[in-house]
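Enquirer: model_5.txt (compact mmCIF, C-alpha atoms) pasted underneath:
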```txt
# COMPACT_ATOMS: atom_id res chain seq x y z
CA MET N 1 32.86 0.12 23.29
CA GLU N 2 32.84 2.94 20.72
CA ASP N 3 30.91 0.79 18.26
CA LEU N 4 28.28 0.11 20.94
CA LEU N 5 28.00 3.83 21.69
CA LEU N 6 27.60 4.65 17.99
CA SER N 7 24.92 1.98 17.70
CA ALA N 8 23.10 3.46 20.70
CA CYS N 9 23.30 6.93 19.15
CA LYS N 10 21.72 5.60 15.99
CA ARG N 11 18.87 3.94 17.89
CA LEU N 12 18.27 7.13 19.90
CA HIS N 13 18.45 9.26 16.72
CA PHE N 14 21.44 11.18 18.06
CA SER N 15 24.07 12.52 15.67
CA SER N 16 27.03 10.24 15.00
CA ASN N 17 29.52 12.85 16.22
CA LEU N 18 28.12 12.67 19.77
CA VAL N 19 30.76 10.14 20.80
CA ALA N 20 33.55 12.41 19.51
CA GLU N 21 32.01 15.35 21.39
CA ALA N 22 31.84 13.27 24.57
CA LYS N 23 35.59 12.67 24.43
CA LYS N 24 36.24 16.43 24.51
CA ILE N 25 34.09 17.18 27.56
CA LYS N 26 35.67 17.88 30.92
CA ALA N 27 33.10 18.00 33.69
CA ASP N 28 33.11 17.89 37.50
CA ASN N 29 30.23 15.41 37.72
CA HIS N 30 27.96 13.24 35.63
CA LEU N 31 25.14 15.79 35.44
CA ASP N 32 27.43 18.52 34.12
CA PHE N 33 28.80 16.03 31.61
CA LEU N 34 25.30 15.10 30.40
CA LEU N 35 24.20 18.75 30.18
CA THR N 36 27.24 19.67 28.10
CA LEU N 37 26.77 16.63 25.88
CA PHE N 38 23.07 17.27 25.33
CA ASN N 39 23.71 20.95 24.55
CA ALA N 40 26.27 19.89 21.95
CA GLU N 41 23.65 17.60 20.39
CA LEU N 42 21.05 20.40 20.39
CA ASP N 43 23.52 22.79 18.74
CA GLN N 44 24.28 20.19 16.08
CA ARG N 45 20.59 19.65 15.36
CA ASP N 46 20.01 23.41 15.19
CA ARG N 47 22.82 23.81 12.65
CA LYS N 48 21.42 20.98 10.53
CA ARG N 49 17.92 22.49 10.67
CA ARG N 50 19.16 25.95 9.66
CA ASN N 51 21.17 24.50 6.78
CA ALA N 52 18.22 22.39 5.63
CA TYR N 53 15.83 25.37 5.75
CA GLN N 54 18.25 27.57 3.80
CA LYS N 55 18.74 24.86 1.17
CA ALA N 56 14.97 24.40 0.82
CA ALA N 57 14.50 28.18 0.44
CA LYS N 58 16.56 28.07 -2.79
CA PHE N 59 18.12 31.52 -2.44
CA ASP N 60 20.08 32.63 -5.50
CA LEU N 61 22.86 33.77 -3.15
CA ILE N 62 23.16 33.84 0.62
CA LYS N 63 22.94 37.41 1.91
CA THR N 64 22.95 38.47 5.57
CA PHE N 65 22.58 41.67 7.58
CA GLU N 66 26.34 41.90 8.02
CA ASP N 67 27.44 45.32 6.73
CA TYR N 68 23.86 46.06 5.61
CA THR N 69 22.72 49.59 6.35
CA PHE N 70 19.14 50.84 6.56
CA GLU N 71 20.25 54.36 5.68
CA ASP N 72 17.82 56.27 3.41
CA ILE N 73 15.13 53.57 3.62
CA LYS N 74 11.80 55.08 4.66
CA PHE N 75 10.08 52.89 7.25
CA PRO N 76 6.40 53.06 8.20
CA THR N 77 5.73 54.11 11.79
CA ALA N 78 4.51 50.60 12.71
CA LEU N 79 7.79 48.92 11.71
CA SER N 80 11.43 49.42 12.65
CA PRO N 81 14.76 47.88 11.58
CA ASP N 82 14.78 45.99 14.89
CA ASP N 83 11.43 44.42 13.95
CA LEU N 84 13.00 43.19 10.72
CA LEU N 85 16.06 41.80 12.47
CA ALA N 86 13.78 39.92 14.88
CA THR N 87 11.55 38.66 12.01
CA SER N 88 8.60 39.53 14.24
CA PHE N 89 6.40 40.28 11.23
CA ILE N 90 6.31 36.58 10.27
CA PRO N 91 4.33 35.14 13.21
CA ARG N 92 1.97 38.11 12.79
CA ARG N 93 1.53 37.06 9.13
CA GLU N 94 2.35 40.55 7.90
CA ASN N 95 3.70 41.34 4.45
CA LEU N 96 6.61 43.55 3.38
CA ILE N 97 6.71 45.48 0.12
CA LEU N 98 10.21 46.71 -0.71
CA TYR N 99 9.74 49.41 -3.32
CA GLY N 100 12.29 51.58 -5.04
CA ASN N 101 15.20 51.99 -7.39
CA VAL N 102 17.00 49.15 -9.15
CA GLY N 103 20.19 48.20 -7.33
CA ALA N 104 19.23 49.89 -4.07
CA GLY N 105 19.52 46.74 -1.94
CA LYS N 106 15.94 45.45 -2.01
CA THR N 107 16.86 41.90 -3.01
CA HIS N 108 19.75 41.86 -0.52
CA LEU N 109 17.36 42.82 2.28
CA ALA N 110 14.74 40.29 1.15
CA ILE N 111 17.27 37.45 1.14
CA ALA N 112 18.81 38.55 4.46
CA LEU N 113 15.32 38.47 5.96
CA GLY N 114 14.77 35.04 4.43
CA VAL N 115 18.01 33.71 5.90
CA ALA N 116 17.11 35.18 9.31
CA ALA N 117 13.69 33.53 9.01
CA CYS N 118 15.30 30.15 8.30
CA ASP N 119 17.58 30.59 11.31
CA ALA N 120 14.54 31.40 13.45
CA GLY N 121 12.78 28.20 12.37
CA PHE N 122 10.44 29.62 9.71
CA ARG N 123 10.02 27.69 6.47
CA THR N 124 10.89 30.03 3.61
CA ARG N 125 10.88 29.96 -0.19
CA PHE N 126 12.55 32.47 -2.49
CA TRP N 127 11.31 32.96 -6.05
CA ARG N 128 12.07 35.34 -8.86
CA THR N 129 8.49 36.30 -9.74
CA ALA N 130 8.87 35.52 -13.45
CA ALA N 131 10.35 32.09 -12.61
CA LEU N 132 7.44 31.38 -10.25
CA VAL N 133 4.91 32.22 -12.96
CA ASN N 134 6.78 30.02 -15.45
CA ALA N 135 6.84 27.14 -12.95
CA LEU N 136 3.11 27.54 -12.29
CA THR N 137 2.35 27.61 -16.01
CA GLU N 138 4.44 24.49 -16.61
CA ALA N 139 2.80 22.66 -13.70
CA LYS N 140 -0.62 23.50 -15.10
CA ARG N 141 0.43 22.29 -18.55
CA GLN N 142 1.66 18.99 -17.11
CA GLY N 143 -1.43 18.54 -14.93
CA THR N 144 0.59 18.78 -11.69
CA LEU N 145 -0.59 22.20 -10.51
CA SER N 146 -2.39 20.83 -7.46
CA ARG N 147 0.76 19.04 -6.31
CA PHE N 148 2.88 22.13 -7.04
CA MET N 149 0.60 24.31 -4.93
CA LYS N 150 0.99 22.05 -1.90
CA GLN N 151 4.48 23.43 -1.29
CA PHE N 152 2.92 26.73 -0.20
CA ASP N 153 0.93 24.99 2.56
CA LYS N 154 4.12 24.36 4.53
CA LEU N 155 5.62 27.84 4.17
CA ASP N 156 5.79 30.59 6.75
CA LEU N 157 7.39 33.12 4.38
CA LEU N 158 7.21 33.52 0.60
CA ILE N 159 9.62 35.93 -1.11
CA CYS N 160 8.70 37.19 -4.60
CA ASP N 161 11.67 39.07 -6.01
CA GLU N 162 11.62 41.37 -9.06
CA TRP N 163 7.85 41.74 -9.01
CA GLY N 164 6.81 43.59 -12.17
CA TYR N 165 10.10 43.36 -14.04
CA VAL N 166 8.43 41.18 -16.70
CA PRO N 167 4.79 41.56 -17.87
CA ILE N 168 2.56 38.59 -17.05
CA ASP N 169 -0.17 37.30 -19.36
CA SER N 170 -3.73 36.54 -18.29
CA ASP N 171 -3.16 32.86 -17.44
CA GLY N 172 0.01 33.67 -15.50
CA SER N 173 -1.77 36.44 -13.61
CA LYS N 174 -4.53 34.06 -12.54
CA LEU N 175 -2.00 31.45 -11.40
CA LEU N 176 -0.01 34.00 -9.41
CA PHE N 177 -3.23 35.28 -7.89
CA GLY N 178 -3.91 31.71 -6.76
CA VAL N 179 -0.58 31.63 -4.90
CA ILE N 180 -1.18 35.00 -3.22
CA SER N 181 -4.70 33.93 -2.24
CA GLU N 182 -3.29 30.70 -0.78
CA CYS N 183 -0.88 32.74 1.36
CA TYR N 184 -3.32 35.51 2.29
CA GLU N 185 -3.56 35.89 6.10
CA ARG N 186 -1.86 32.50 6.48
CA LYS N 187 1.73 33.31 5.50
CA SER N 188 3.98 36.34 5.26
CA ILE N 189 5.00 37.60 1.83
CA ILE N 190 7.95 39.79 0.87
CA ILE N 191 7.76 41.51 -2.51
CA THR N 192 10.54 43.54 -4.12
CA THR N 193 9.44 45.85 -6.92
CA ASN N 194 10.45 49.01 -8.74
CA LEU N 195 6.89 49.83 -9.78
CA GLU N 196 4.52 51.95 -7.71
CA PHE N 197 1.04 50.49 -7.12
CA ALA N 198 -0.55 52.68 -9.78
CA ARG N 199 1.59 50.98 -12.43
CA TRP N 200 0.78 47.40 -11.44
CA ASN N 201 -1.78 47.41 -14.24
CA ASP N 202 1.25 47.44 -16.56
CA ILE N 203 2.24 44.02 -15.16
CA PHE N 204 -1.04 42.16 -15.29
CA VAL N 205 -3.38 42.01 -18.28
CA ASP N 206 -6.58 41.78 -16.22
CA THR N 207 -7.38 44.91 -14.18
CA LYS N 208 -9.73 42.93 -11.92
CA ILE N 209 -6.92 40.54 -11.01
CA THR N 210 -4.64 43.51 -10.40
CA ALA N 211 -7.16 45.01 -8.01
CA ALA N 212 -7.64 41.68 -6.23
CA LEU N 213 -3.88 41.16 -5.90
CA LEU N 214 -3.40 44.66 -4.51
CA ASP N 215 -6.21 44.11 -2.03
CA ARG N 216 -4.66 40.92 -0.64
CA ILE N 217 -1.05 42.09 -0.69
CA ILE N 218 -1.54 45.58 0.76
CA HIS N 219 -3.75 44.30 3.58
CA HIS N 220 -1.51 43.60 6.61
CA SER N 221 1.48 45.06 4.73
CA HIS N 222 4.34 47.41 5.50
CA LEU N 223 5.84 49.50 2.69
CA LEU N 224 9.58 50.13 2.80
CA ASP N 225 10.49 52.95 0.43
CA PHE N 226 13.94 52.79 -1.22
CA THR N 227 13.35 55.68 -3.66
CA ASP N 228 15.78 58.03 -1.85
CA ARG N 229 18.50 55.39 -1.93
CA ASP N 230 21.18 55.35 -4.63
CA SER N 231 22.05 52.18 -6.49
CA TRP N 232 24.53 50.12 -4.48
CA ARG N 233 25.79 48.43 -7.60
CA LEU N 234 26.44 51.75 -9.33
CA ARG N 235 28.11 53.15 -6.21
CA ASP N 236 30.34 50.08 -5.84
CA ALA N 237 31.22 50.17 -9.54
CA LEU N 238 32.21 53.83 -9.27
CA ILE N 239 34.29 53.13 -6.16
CA SER N 240 36.04 50.22 -7.88
CA ARG N 241 36.71 52.33 -10.98
CA LYS N 242 38.11 55.15 -8.85
CA THR N 243 40.35 52.69 -6.99
CA ILE N 244 41.72 51.30 -10.27
CA LEU N 245 42.34 54.78 -11.68
CA ASP N 246 44.06 55.90 -8.48
```
Would it be possible to restate this file's structure as structure tokens?

Expert:
Amino acid sequence: MEDLLLSACKRLHFSSNLVAEAKKIKADNHLDFLLTLFNAELDQRDRKRRNAYQKAAKFDLIKTFEDYTFEDIKFPTALSPDDLLATSFIPRRENLILYGNVGAGKTHLAIALGVAACDAGFRTRFWRTAALVNALTEAKRQGTLSRFMKQFDKLDLLICDEWGYVPIDSDGSKLLFGVISECYERKSIIITTNLEFARWNDIFVDTKITAALLDRIIHHSHLLDFTDRDSWRLRDALISRKTILD
């Protein structure tokens, strides 16, 4: 009988653990039994989807909002921490620019937002900006740029971390501009940077490309200012050192 049930699950595209779940259910009637069983199947599919989305996002590390504090982050009036937690900026195709000191928690917040987006059913991709430019350059060299660019069609959220940490040459700037243009008003973008807008000319060789990038990124964007926030890494290192000395 169990083999027949497993075969039926396969034909119906149900998960193979449905039979095991059915054995655990105690219900007063058939309808309650079916409802409990179907909810178990839906939960299983939701877990698989979230795991698949997180894997596809290629986060360096998994970070969440647990123990994260928004203290000393300056928010614009049109955005609140609750808006971030609800990922409501993504269906509105709005961008976030996380600007401020190194080690202040910008990348942690960007990844936590990416994980929350995956959990909410939004397709997400995390890139270190320099690595993205290198991948674009390599794809162009190999003649596969068009195929590489197709990945951005499916995204709801693109995260570009460490924007401006490494200068980008003219070809790289043009390729990155192509990605931003592809996402403009169609996807949400999160950028983490320690450079104010006036210094973005230090990143890109071509001032016209810089202006065009700024125009597309700033439009529909919210700026979160971390400049009043101390480095978390420095604070944690000092705490650890004090603990050892004590």

Enquirer: I want to know what sits within 8 Å of N:Ile97, based on only C-alpha atoms, with residues of the same chain fewer than 4 positions away left out; could you give that as a ChimeraX atom specification?

Expert: /N:190-193,221-224

Enquirer: Got time to write the residues from that selection, C-alpha atoms, as an mmCIF file, in the frame of the given file?

Expert:
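That gives us result.cif:
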```cif
data_model
loop_
_atom_site.group_PDB
_atom_site.id
_atom_site.type_symbol
_atom_site.label_atom_id
_atom_site.label_comp_id
_atom_site.auth_asym_id
_atom_site.auth_seq_id
_atom_site.Cartn_x
_atom_site.Cartn_y
_atom_site.Cartn_z
ATOM 1 C CA ILE N 190 7.950 39.790 0.870
ATOM 2 C CA ILE N 191 7.760 41.510 -2.510
ATOM 3 C CA THR N 192 10.540 43.540 -4.120
ATOM 4 C CA THR N 193 9.440 45.850 -6.920
ATOM 5 C CA SER N 221 1.480 45.060 4.730
ATOM 6 C CA HIS N 222 4.340 47.410 5.500
ATOM 7 C CA LEU N 223 5.840 49.500 2.690
ATOM 8 C CA LEU N 224 9.580 50.130 2.800
#
```

Enquirer: Please list, as a compact mmCIF listing (two decimals) with C-alpha atoms, in the frame of the given file, the residues that have an atom at most 8 Å away from (24.2, 33.8, 6.6) in the coordinates of this file, counting all atoms listed in the file.

Expert:
```txt
# COMPACT_ATOMS: atom_id res chain seq x y z
CA ILE N 62 23.16 33.84 0.62
CA LYS N 63 22.94 37.41 1.91
CA THR N 64 22.95 38.47 5.57
CA ALA N 112 18.81 38.55 4.46
CA VAL N 115 18.01 33.71 5.90
CA ALA N 116 17.11 35.18 9.31
```

Enquirer: Within 6 Å of stretch 69-83 of chain N, counting all atoms listed in the file, which residues qualify if same-chain residues fewer than 5 places away don't, as a count of residues only?

Expert: 6

Enquirer: Return the single residue from N:Ala139, N:Gly178, N:Pro91, N:Leu61 that is closest to N:Phe126, with distances computed using all atoms listed in the file.

Expert: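 Checking each candidate against N:Phe126, we get N:Leu61 as the closest.
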
Enquirer: Could you please determine the separation between atom CA of N:Gly164 and atom CA of N:His219 in Å, to one decimal place?

Expert: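 Between atom CA of N:Gly164 and atom CA of N:His219 the gap is 19.0 Å.
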
Enquirer: Ranking N:Lys24, N:Asp156, N:Ser173, N:Ile168 by minimum distance to N:Arg92 and counting only C-alpha atoms, which one comes first?

Expert: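 Answer, going by the shortest atom-to-atom distance: N:Asp156.
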
Enquirer: Hey, what's within 12 Å of N:Leu132 if we count all atoms listed in the file and toss same-chain stuff fewer than 6 positions away? As a PDB file with C-alpha atoms, in the frame of the given file, please?

Expert:
```pdb
ATOM      1  CA  ARG N 125      10.880  29.960  -0.190  1.00  0.00           C
ATOM      2  CA  PHE N 126      12.550  32.470  -2.490  1.00  0.00           C
ATOM      3  CA  GLU N 138       4.440  24.490 -16.610  1.00  0.00           C
ATOM      4  CA  ALA N 139       2.800  22.660 -13.700  1.00  0.00           C
ATOM      5  CA  PHE N 148       2.880  22.130  -7.040  1.00  0.00           C
ATOM      6  CA  MET N 149       0.600  24.310  -4.930  1.00  0.00           C
ATOM      7  CA  PHE N 152       2.920  26.730  -0.200  1.00  0.00           C
ATOM      8  CA  LEU N 158       7.210  33.520   0.600  1.00  0.00           C
ATOM      9  CA  ILE N 159       9.620  35.930  -1.110  1.00  0.00           C
ATOM     10  CA  CYS N 160       8.700  37.190  -4.600  1.00  0.00           C
ATOM     11  CA  ASP N 161      11.670  39.070  -6.010  1.00  0.00           C
ATOM     12  CA  GLU N 162      11.620  41.370  -9.060  1.00  0.00           C
ATOM     13  CA  TRP N 163       7.850  41.740  -9.010  1.00  0.00           C
ATOM     14  CA  VAL N 166       8.430  41.180 -16.700  1.00  0.00           C
ATOM     15  CA  ILE N 168       2.560  38.590 -17.050  1.00  0.00           C
ATOM     16  CA  GLY N 172       0.010  33.670 -15.500  1.00  0.00           C
ATOM     17  CA  SER N 173      -1.770  36.440 -13.610  1.00  0.00           C
ATOM     18  CA  LEU N 175      -2.000  31.450 -11.400  1.00  0.00           C
ATOM     19  CA  LEU N 176      -0.010  34.000  -9.410  1.00  0.00           C
ATOM     20  CA  PHE N 177      -3.230  35.280  -7.890  1.00  0.00           C
ATOM     21  CA  GLY N 178      -3.910  31.710  -6.760  1.00  0.00           C
ATOM     22  CA  VAL N 179      -0.580  31.630  -4.900  1.00  0.00           C
ATOM     23  CA  ILE N 180      -1.180  35.000  -3.220  1.00  0.00           C
TER      24      ILE N 180
END
```

Enquirer: Could you work out how far atom CA of N:Thr137 lies from atom CA of N:Leu98, giving the answer in Å with one decimal?

Expert: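 Atom CA of N:Thr137 lies 25.7 Å from atom CA of N:Leu98.
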
Enquirer: For a test of reading the model, state the distance in Å between atom CA of N:Asn194 and atom CA of N:Ala57, rounded to one decimal.

Expert: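 Pair atom CA of N:Asn194 / atom CA of N:Ala57 returns 23.1 Å.
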
Enquirer: List the spatial neighbours of N:Glu21 as a PyMOL selection string - criterion: any atom at most 9 Å away, only C-alpha atoms, same-chain residues fewer than 4 positions off excluded.

Expert: chain N and resi 17+25+37+40-41

Enquirer: Rank nothing, just name the residue among N:Arg186, N:Arg49, N:Arg147, N:Lys174 nearest to N:Ala117, using only C-alpha atoms.

Expert: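 Nearest candidate to N:Ala117 out of N:Arg186, N:Arg49, N:Arg147, N:Lys174: N:Arg49.
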
Enquirer: Nearest to N:Lys23: which of N:Gln142, N:Thr36, N:Gly103, N:Arg199 is it, counting only C-alpha atoms?

Expert: N:Thr36

Enquirer: As lines of an AutoDock Vina configuration file, what would the box around stretch 167-177 of chain N look like: edges along x, y and z, 4 Å added on every side, centre and edge lengths in Å to one decimal?

Expert:
```
center_x = 0.1
center_y = 36.5
center_z = -13.6
size_x = 17.3
size_y = 18.1
size_z = 19.5
```

Enquirer: Can you build me a table of stretch 54-104 of chain N residues sitting at most 10 Å from stretch 207-218 of chain N, with the closest atom pair per residue and its distance in Å to one decimal, using only C-alpha atoms, sorted by chain and residue number, as CSV?

Expert:
```
residue,atom,partner,partner_atom,distance
N:Glu94,CA,N:Ile217,CA,9.4
N:Asn95,CA,N:Ile217,CA,7.0
N:Leu96,CA,N:Ile217,CA,8.8
N:Ile97,CA,N:Ile218,CA,8.3
```

Enquirer: At a cut-off of 6 Å around the point (4.5, 33.6, 2.8) (file coordinates), what residues fall inside when counting only C-alpha atoms? I'd like the answer as a CSV table (one decimal) with C-alpha atoms, in the coordinates of the input.

Expert:
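This went into out07.csv:
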```
chain,number,residue,atom,x,y,z
N,156,ASP,CA,5.8,30.6,6.8
N,157,LEU,CA,7.4,33.1,4.4
N,158,LEU,CA,7.2,33.5,0.6
N,183,CYS,CA,-0.9,32.7,1.4
N,187,LYS,CA,1.7,33.3,5.5
N,188,SER,CA,4.0,36.3,5.3
N,189,ILE,CA,5.0,37.6,1.8
```
